[in-house]
Amino acid sequence: MKKDNMDYFIQQLINGITLGGIYALIALGYTMVYGVIQLINFAHGEFFAAGGYVGVIFLSFFTGLGYMETYPVVCLTASFGLAMAYCAYLAIGVEKIAYKPLRKESRLAALLSALGMSIFLSNGLMLTQGVYDKAYPSELFQGGMHFGMVTVSYLQVLILVLTGVLLVALNFLVFKTKMGMAMRATAQDKTMSALVAISSNRIISLTFAIGAGLAAAAGIMVGLYYGSVRYDMGFIPGIKAFSAAVLGGIGNITGAMVGGLIIGMVEVFGAGYISGEYKDVFAFIILISVLYFKPTGIMGENIDDTRV
């Protein structure tokens with residue numbers, strides 16, 4: 001009995017890390033945009049949904065041609081790359097249209113614009129892709145590895161590896177490159193960064209693009225993990241990812257990663273040990289608790305070394 005309990009715990013831990021990694025990718029978009037322009041981009045969940053749709057379109061196309069069987073790595077790389085590129089350019093367009101004209105206005109105006117853009121993008125997906133779920137190819141990534149009663153599917157391995165690669169790549173970009181230095185400088189002081197020839201407009205667009213690209217990758221992962229995508233799928237994961245960003249410390253990229261993992265594990269363990277009917281509630285409980293007891297998050301929101 002004890003061994004069964006331990007196996008169940010390990011299985012839930014693996015599931016929680018998988019889901020938490022996905023939430024971390026989405027949360028990074030929220031926290032990066034807030035770090036640079038102090039805006040909560042509530043349209044971010046729609047980039048996540050759009051990425052899932054672009055992914056299913058290309059993966060279905062490659063599967064229909066039979067390329068997934070012969071060139072699976074190439075097809076996956078192409079699908080992720082195209083989805084991330086599409087959402088990156090979409091985010092740049094959204095920033096230019098909905099946010100840039102309001103930078104000098106009140107935060108309330110920008111917030112309302114973000115909510116309006118979220119509704120606009122969600123309805124755009126509904127009109128172009130339909131109201132019904134769009135299924136991912138079911139034959140992808142069948143099977144897995146078994147360790148006693150614990151099962152790690154090949155899809156979970158793929159998600160964990162891709163999530164790790166993207167998080168490491170983002171950390172390298174932000175902390176080890178001149179572009180990352182420019183992003184951090186813009187986040188800390190736009191006026192002084194402009195005096196050293198850093199274009200704040202270019203940096204802000206880049207930040208939106210990177211965040212949306214990560215969200216698009218997460219959208220494909222969710223589509224693969226659950227087998228389908230839906231036009232309004234960005235709302236609940238978007239709120240959970242926002243909770244993760246607040247939990248870690250809004251504006252703190254390391255905090256967003258940690259917060260995403262915590263939210264994912266709390267959701268999975270709560271569903272596994274308490275009730276699956278309330279799995280969506282746990283993230284909101286954490287959000288309310290953090291806002292009440294520690295509004296700056298567990299890692300703080302204004303740590304210069306980790307803020308973007």
# chains A, B, ... in the order shown; residues from 1 in each chain; ligands from 1

$ select_by_dssp --residues "region 69-276 of chain A" --states "helix (DSSP H, G or I)" --output "ChimeraX atom specification"
/A:69-70,72-102,107-129,154-176,178-188,190-195,200-226,235-248,253-273,276

$ residues_around --residues "region 39-54 of chain A" --least-positions-apart "4" --cutoff "6 Å" --atoms "only C-alpha atoms" --output "PyMOL selection string"
chain A and resi 34+83+87+114-115+117-118+212+215-216+219-220+223+233-235+238

$ write_last_selection --atoms "N, CA, C and O atoms" --output "JSON list (two decimals), in the first residue's frame"
[["chain", "number", "residue", "atom", "x", "y", "z"],
["A", 34, "TYR", "N", 5.04, 43.23, -18.46],
["A", 34, "TYR", "CA", 4.87, 44.10, -17.30],
["A", 34, "TYR", "C", 6.20, 44.71, -16.87],
["A", 34, "TYR", "O", 6.26, 45.88, -16.49],
["A", 83, "ALA", "N", 4.51, 28.44, -35.79],
["A", 83, "ALA", "CA", 3.52, 28.94, -34.83],
["A", 83, "ALA", "C", 4.09, 30.07, -33.98],
["A", 83, "ALA", "O", 3.43, 31.09, -33.74],
["A", 87, "CYS", "N", 2.73, 34.01, -34.08],
["A", 87, "CYS", "CA", 2.25, 34.69, -32.88],
["A", 87, "CYS", "C", 3.15, 35.86, -32.50],
["A", 87, "CYS", "O", 2.68, 36.87, -31.95],
["A", 114, "ALA", "N", -6.42, 46.32, -23.57],
["A", 114, "ALA", "CA", -5.99, 44.92, -23.52],
["A", 114, "ALA", "C", -7.18, 43.97, -23.45],
["A", 114, "ALA", "O", -7.22, 42.94, -24.14],
["A", 115, "LEU", "N", -8.16, 44.32, -22.63],
["A", 115, "LEU", "CA", -9.36, 43.48, -22.53],
["A", 115, "LEU", "C", -10.12, 43.46, -23.86],
["A", 115, "LEU", "O", -10.61, 42.41, -24.29],
["A", 117, "MET", "N", -8.84, 43.93, -26.85],
["A", 117, "MET", "CA", -8.06, 43.16, -27.81],
["A", 117, "MET", "C", -8.20, 41.66, -27.55],
["A", 117, "MET", "O", -8.24, 40.85, -28.48],
["A", 118, "SER", "N", -8.30, 41.27, -26.29],
["A", 118, "SER", "CA", -8.51, 39.87, -25.95],
["A", 118, "SER", "C", -9.82, 39.35, -26.54],
["A", 118, "SER", "O", -9.86, 38.28, -27.15],
["A", 212, "ALA", "N", 4.94, 36.23, -26.79],
["A", 212, "ALA", "CA", 3.92, 35.55, -27.60],
["A", 212, "ALA", "C", 4.47, 34.27, -28.21],
["A", 212, "ALA", "O", 3.74, 33.27, -28.33],
["A", 215, "ALA", "N", 4.31, 31.65, -25.59],
["A", 215, "ALA", "CA", 2.91, 31.25, -25.40],
["A", 215, "ALA", "C", 2.44, 30.34, -26.53],
["A", 215, "ALA", "O", 1.69, 29.38, -26.30],
["A", 216, "ALA", "N", 2.87, 30.62, -27.76],
["A", 216, "ALA", "CA", 2.50, 29.79, -28.90],
["A", 216, "ALA", "C", 3.04, 28.37, -28.73],
["A", 216, "ALA", "O", 2.35, 27.38, -29.01],
["A", 219, "GLY", "N", 0.93, 26.63, -26.37],
["A", 219, "GLY", "CA", -0.34, 26.26, -26.98],
["A", 219, "GLY", "C", -0.26, 24.95, -27.73],
["A", 219, "GLY", "O", -1.17, 24.11, -27.66],
["A", 220, "ILE", "N", 0.83, 24.74, -28.46],
["A", 220, "ILE", "CA", 1.00, 23.47, -29.16],
["A", 220, "ILE", "C", 1.17, 22.33, -28.16],
["A", 220, "ILE", "O", 0.62, 21.23, -28.34],
["A", 223, "GLY", "N", -2.16, 21.42, -26.84],
["A", 223, "GLY", "CA", -2.91, 20.71, -27.86],
["A", 223, "GLY", "C", -2.47, 19.26, -27.99],
["A", 223, "GLY", "O", -3.30, 18.35, -28.10],
["A", 233, "MET", "N", -9.71, 28.60, -25.57],
["A", 233, "MET", "CA", -8.85, 27.85, -24.65],
["A", 233, "MET", "C", -7.83, 28.72, -23.93],
["A", 233, "MET", "O", -7.21, 28.29, -22.95],
["A", 234, "GLY", "N", -7.64, 29.95, -24.37],
["A", 234, "GLY", "CA", -6.62, 30.79, -23.76],
["A", 234, "GLY", "C", -7.05, 31.46, -22.47],
["A", 234, "GLY", "O", -6.19, 31.95, -21.72],
["A", 235, "PHE", "N", -8.35, 31.46, -22.16],
["A", 235, "PHE", "CA", -8.82, 32.24, -21.01],
["A", 235, "PHE", "C", -8.35, 31.65, -19.68],
["A", 235, "PHE", "O", -7.66, 32.32, -18.90],
["A", 238, "GLY", "N", -4.63, 31.31, -19.30],
["A", 238, "GLY", "CA", -4.08, 32.66, -19.20],
["A", 238, "GLY", "C", -4.21, 33.21, -17.79],
["A", 238, "GLY", "O", -3.27, 33.83, -17.26]]

$ closest_residue --among "A:Met149, A:Ile26, A:Val229, A:Met6" --to "Pro137 (chain A)" --atoms "only C-alpha atoms"
A:Val229

$ select_by_dssp --residues "region 106-280 of chain A" --states "strand (DSSP E or B)" --output "VMD selection string"
chain A and resid 134 to 135 144 to 147 150 to 153 228 to 229 252

$ closest_residue --among "A:Leu76, A:Val131, A:Val150, A:Val268" --to "Asp7 (chain A)" --atoms "only C-alpha atoms"
A:Val150

$ closest_residue --among "A:Leu155, A:Tyr132, A:Arg107, A:Ser243" --to "Asp280 (chain A)" --atoms "only C-alpha atoms"
A:Ser243

$ closest_residue --among "A:Ala91, A:Leu160, A:Asp232, A:Ala283" --to "Gly124 (chain A)" --atoms "only C-alpha atoms"
A:Asp232

$ atom_distance --atom1 "CA of Leu261 (chain A)" --atom2 "CA of Leu28 (chain A)"
12.0 Å

$ closest_residue --among "A:Phe175, A:Tyr30, A:Tyr89, A:Phe282" --to "Met265 (chain A)" --atoms "only C-alpha atoms"
A:Phe282

$ residues_around --residues "Leu170 (chain A)" --least-positions-apart "3" --cutoff "12 Å" --atoms "only C-alpha atoms" --output "PDB file with N, CA and C atoms, in the first residue's frame"
ATOM      1  N   ALA A  24       4.502  28.059 -16.925  1.00  0.00           N
ATOM      2  CA  ALA A  24       5.660  28.955 -16.820  1.00  0.00           C
ATOM      3  C   ALA A  24       5.927  29.657 -18.146  1.00  0.00           C
ATOM      4  N   LEU A  25       5.802  28.935 -19.252  1.00  0.00           N
ATOM      5  CA  LEU A  25       6.028  29.546 -20.569  1.00  0.00           C
ATOM      6  C   LEU A  25       5.023  30.664 -20.828  1.00  0.00           C
ATOM      7  N   LEU A  28       5.673  33.793 -18.506  1.00  0.00           N
ATOM      8  CA  LEU A  28       6.812  34.633 -18.875  1.00  0.00           C
ATOM      9  C   LEU A  28       6.394  35.801 -19.759  1.00  0.00           C
ATOM     10  N   GLY A  29       5.404  35.580 -20.612  1.00  0.00           N
ATOM     11  CA  GLY A  29       4.922  36.665 -21.454  1.00  0.00           C
ATOM     12  C   GLY A  29       4.299  37.781 -20.639  1.00  0.00           C
ATOM     13  N   MET A  32       7.251  39.565 -18.592  1.00  0.00           N
ATOM     14  CA  MET A  32       8.182  40.339 -19.404  1.00  0.00           C
ATOM     15  C   MET A  32       7.559  41.652 -19.854  1.00  0.00           C
ATOM     16  N   THR A 163      10.299  22.533 -23.004  1.00  0.00           N
ATOM     17  CA  THR A 163      10.132  23.598 -22.012  1.00  0.00           C
ATOM     18  C   THR A 163      11.473  23.996 -21.421  1.00  0.00           C
ATOM     19  N   GLY A 164      12.280  22.989 -21.065  1.00  0.00           N
ATOM     20  CA  GLY A 164      13.595  23.272 -20.508  1.00  0.00           C
ATOM     21  C   GLY A 164      14.476  24.035 -21.484  1.00  0.00           C
ATOM     22  N   VAL A 165      14.462  23.622 -22.746  1.00  0.00           N
ATOM     23  CA  VAL A 165      15.277  24.294 -23.768  1.00  0.00           C
ATOM     24  C   VAL A 165      14.847  25.746 -23.931  1.00  0.00           C
ATOM     25  N   LEU A 166      13.538  25.992 -23.989  1.00  0.00           N
ATOM     26  CA  LEU A 166      13.038  27.356 -24.166  1.00  0.00           C
ATOM     27  C   LEU A 166      13.355  28.238 -22.961  1.00  0.00           C
ATOM     28  N   LEU A 167      13.233  27.687 -21.765  1.00  0.00           N
ATOM     29  CA  LEU A 167      13.531  28.474 -20.563  1.00  0.00           C
ATOM     30  C   LEU A 167      15.018  28.808 -20.472  1.00  0.00           C
ATOM     31  N   LEU A 173      19.292  34.613 -23.358  1.00  0.00           N
ATOM     32  CA  LEU A 173      19.025  35.855 -24.097  1.00  0.00           C
ATOM     33  C   LEU A 173      18.978  37.059 -23.166  1.00  0.00           C
ATOM     34  N   VAL A 174      18.284  36.911 -22.054  1.00  0.00           N
ATOM     35  CA  VAL A 174      18.067  38.049 -21.161  1.00  0.00           C
ATOM     36  C   VAL A 174      19.319  38.427 -20.388  1.00  0.00           C
ATOM     37  N   PHE A 175      20.074  37.430 -19.931  1.00  0.00           N
ATOM     38  CA  PHE A 175      21.173  37.711 -19.011  1.00  0.00           C
ATOM     39  C   PHE A 175      22.564  37.638 -19.633  1.00  0.00           C
ATOM     40  N   LYS A 176      22.679  37.121 -20.867  1.00  0.00           N
ATOM     41  CA  LYS A 176      24.007  36.912 -21.431  1.00  0.00           C
ATOM     42  C   LYS A 176      24.230  37.604 -22.774  1.00  0.00           C
ATOM     43  N   THR A 177      23.252  38.333 -23.274  1.00  0.00           N
ATOM     44  CA  THR A 177      23.399  38.978 -24.579  1.00  0.00           C
ATOM     45  C   THR A 177      23.195  40.483 -24.457  1.00  0.00           C
ATOM     46  N   MET A 179      21.262  42.198 -26.375  1.00  0.00           N
ATOM     47  CA  MET A 179      19.837  42.460 -26.505  1.00  0.00           C
ATOM     48  C   MET A 179      19.138  42.328 -25.154  1.00  0.00           C
ATOM     49  N   GLY A 180      19.526  41.304 -24.396  1.00  0.00           N
ATOM     50  CA  GLY A 180      18.956  41.144 -23.064  1.00  0.00           C
ATOM     51  C   GLY A 180      19.328  42.287 -22.140  1.00  0.00           C
ATOM     52  N   THR A 207       9.969  42.398 -26.860  1.00  0.00           N
ATOM     53  CA  THR A 207       9.449  41.759 -25.651  1.00  0.00           C
ATOM     54  C   THR A 207       8.094  41.117 -25.912  1.00  0.00           C
ATOM     55  N   ILE A 210       8.710  37.914 -28.098  1.00  0.00           N
ATOM     56  CA  ILE A 210       9.268  36.775 -27.365  1.00  0.00           C
ATOM     57  C   ILE A 210       8.206  36.144 -26.472  1.00  0.00           C
ATOM     58  N   GLY A 211       7.473  36.973 -25.742  1.00  0.00           N
ATOM     59  CA  GLY A 211       6.429  36.441 -24.875  1.00  0.00           C
ATOM     60  C   GLY A 211       5.368  35.680 -25.647  1.00  0.00           C
ATOM     61  N   GLY A 213       5.740  34.262 -28.606  1.00  0.00           N
ATOM     62  CA  GLY A 213       6.338  33.053 -29.148  1.00  0.00           C
ATOM     63  C   GLY A 213       6.359  31.927 -28.129  1.00  0.00           C
ATOM     64  N   LEU A 214       6.705  32.246 -26.885  1.00  0.00           N
ATOM     65  CA  LEU A 214       6.692  31.239 -25.826  1.00  0.00           C
ATOM     66  C   LEU A 214       5.272  30.738 -25.566  1.00  0.00           C
ATOM     67  N   ILE A 253      11.368  37.354 -14.082  1.00  0.00           N
ATOM     68  CA  ILE A 253      11.257  36.192 -14.964  1.00  0.00           C
ATOM     69  C   ILE A 253      11.575  34.887 -14.239  1.00  0.00           C
ATOM     70  N   THR A 254      12.526  34.923 -13.314  1.00  0.00           N
ATOM     71  CA  THR A 254      12.801  33.723 -12.536  1.00  0.00           C
ATOM     72  C   THR A 254      11.592  33.373 -11.673  1.00  0.00           C
ATOM     73  N   MET A 257       8.900  31.570 -13.704  1.00  0.00           N
ATOM     74  CA  MET A 257       9.199  30.145 -13.894  1.00  0.00           C
ATOM     75  C   MET A 257       8.826  29.343 -12.651  1.00  0.00           C
ATOM     76  N   THR A 306      16.794  40.232 -12.011  1.00  0.00           N
ATOM     77  CA  THR A 306      15.897  39.268 -12.645  1.00  0.00           C
ATOM     78  C   THR A 306      14.704  39.916 -13.325  1.00  0.00           C
ATOM     79  N   VAL A 308      12.685  41.984 -16.150  1.00  0.00           N
ATOM     80  CA  VAL A 308      12.739  42.322 -17.571  1.00  0.00           C
ATOM     81  C   VAL A 308      11.615  43.296 -17.860  1.00  0.00           C
TER      82      VAL A 308
END

$ residues_around --residues "Ile250 (chain A)" --least-positions-apart "3" --cutoff "12 Å" --atoms "only C-alpha atoms" --output "PyMOL selection string"
chain A and resi 27-40+241-247+253-260+287+290-291+294-303+306-308

$ write_last_selection --atoms "C-alpha atoms" --output "CSV table (one decimal), in the first residue's frame"
chain,number,residue,atom,x,y,z
A,27,ALA,CA,3.5,33.4,-17.4
A,28,LEU,CA,6.8,34.6,-18.9
A,29,GLY,CA,4.9,36.7,-21.5
A,30,TYR,CA,2.9,38.4,-18.8
A,31,THR,CA,5.9,39.2,-16.6
A,32,MET,CA,8.2,40.3,-19.4
A,33,VAL,CA,5.6,42.8,-20.8
A,34,TYR,CA,4.9,44.1,-17.3
A,35,GLY,CA,8.6,44.4,-16.5
A,36,VAL,CA,9.1,46.7,-19.6
A,37,ILE,CA,6.0,48.8,-19.8
A,38,GLN,CA,4.1,48.0,-16.5
A,39,LEU,CA,1.1,46.6,-18.5
A,40,ILE,CA,-0.9,43.4,-17.8
A,241,ALA,CA,-0.4,31.8,-15.9
A,242,PHE,CA,-1.1,35.3,-14.6
A,243,SER,CA,-1.5,33.9,-11.1
A,244,ALA,CA,1.9,32.2,-11.6
A,245,ALA,CA,3.4,35.5,-12.6
A,246,VAL,CA,1.9,37.2,-9.5
A,247,LEU,CA,3.0,34.4,-7.3
A,253,ILE,CA,11.3,36.2,-15.0
A,254,THR,CA,12.8,33.7,-12.5
A,255,GLY,CA,9.8,34.2,-10.3
A,256,ALA,CA,7.5,33.5,-13.3
A,257,MET,CA,9.2,30.1,-13.9
A,258,VAL,CA,9.0,29.2,-10.2
A,259,GLY,CA,5.4,30.4,-10.0
A,260,GLY,CA,4.3,28.4,-13.0
A,287,LEU,CA,-3.7,34.3,-6.5
A,290,VAL,CA,-0.6,36.0,-2.6
A,291,LEU,CA,-2.3,39.4,-3.2
A,294,LYS,CA,2.5,39.1,-0.1
A,295,PRO,CA,1.5,41.3,-3.0
A,296,THR,CA,5.1,41.5,-4.5
A,297,GLY,CA,5.2,37.7,-4.8
A,298,ILE,CA,7.6,35.2,-3.3
A,299,MET,CA,10.6,36.5,-5.2
A,300,GLY,CA,9.6,40.2,-5.3
A,301,GLU,CA,8.6,42.2,-8.3
A,302,ASN,CA,11.4,44.7,-8.6
A,303,ILE,CA,14.6,42.7,-8.3
A,306,THR,CA,15.9,39.3,-12.6
A,307,ARG,CA,13.5,41.9,-13.9
A,308,VAL,CA,12.7,42.3,-17.6

$ residues_around --residues "Arg103 (chain A)" --least-positions-apart "4" --cutoff "12 Å" --atoms "only C-alpha atoms" --output "ChimeraX atom specification"
/A:36-39,95-99,107-111,113,200-201,204

$ atom_distance --atom1 "CA of Ile119 (chain A)" --atom2 "CA of Ile262 (chain A)"
28.4 Å

$ atom_distance --atom1 "CA of Ala185 (chain A)" --atom2 "CA of Ile22 (chain A)"
27.7 Å

$ residues_around --residues "Phe141 (chain A)" --least-positions-apart "3" --cutoff "12 Å" --atoms "only C-alpha atoms" --output "list in words"
Met68, Glu69, Pro72, Val73, Leu76, Tyr136, Pro137, Ser138, Gly144, Met145, Val152, Ser153, Tyr154, Leu155, Gln156, Val157, Leu158, Ile159, Met221, Leu224, Tyr225 and Gly227 of chain A

$ closest_residue --among "A:Gly148, A:Ile92, A:Tyr8, A:Lys240" --to "Phe208 (chain A)" --atoms "only C-alpha atoms"
A:Ile92
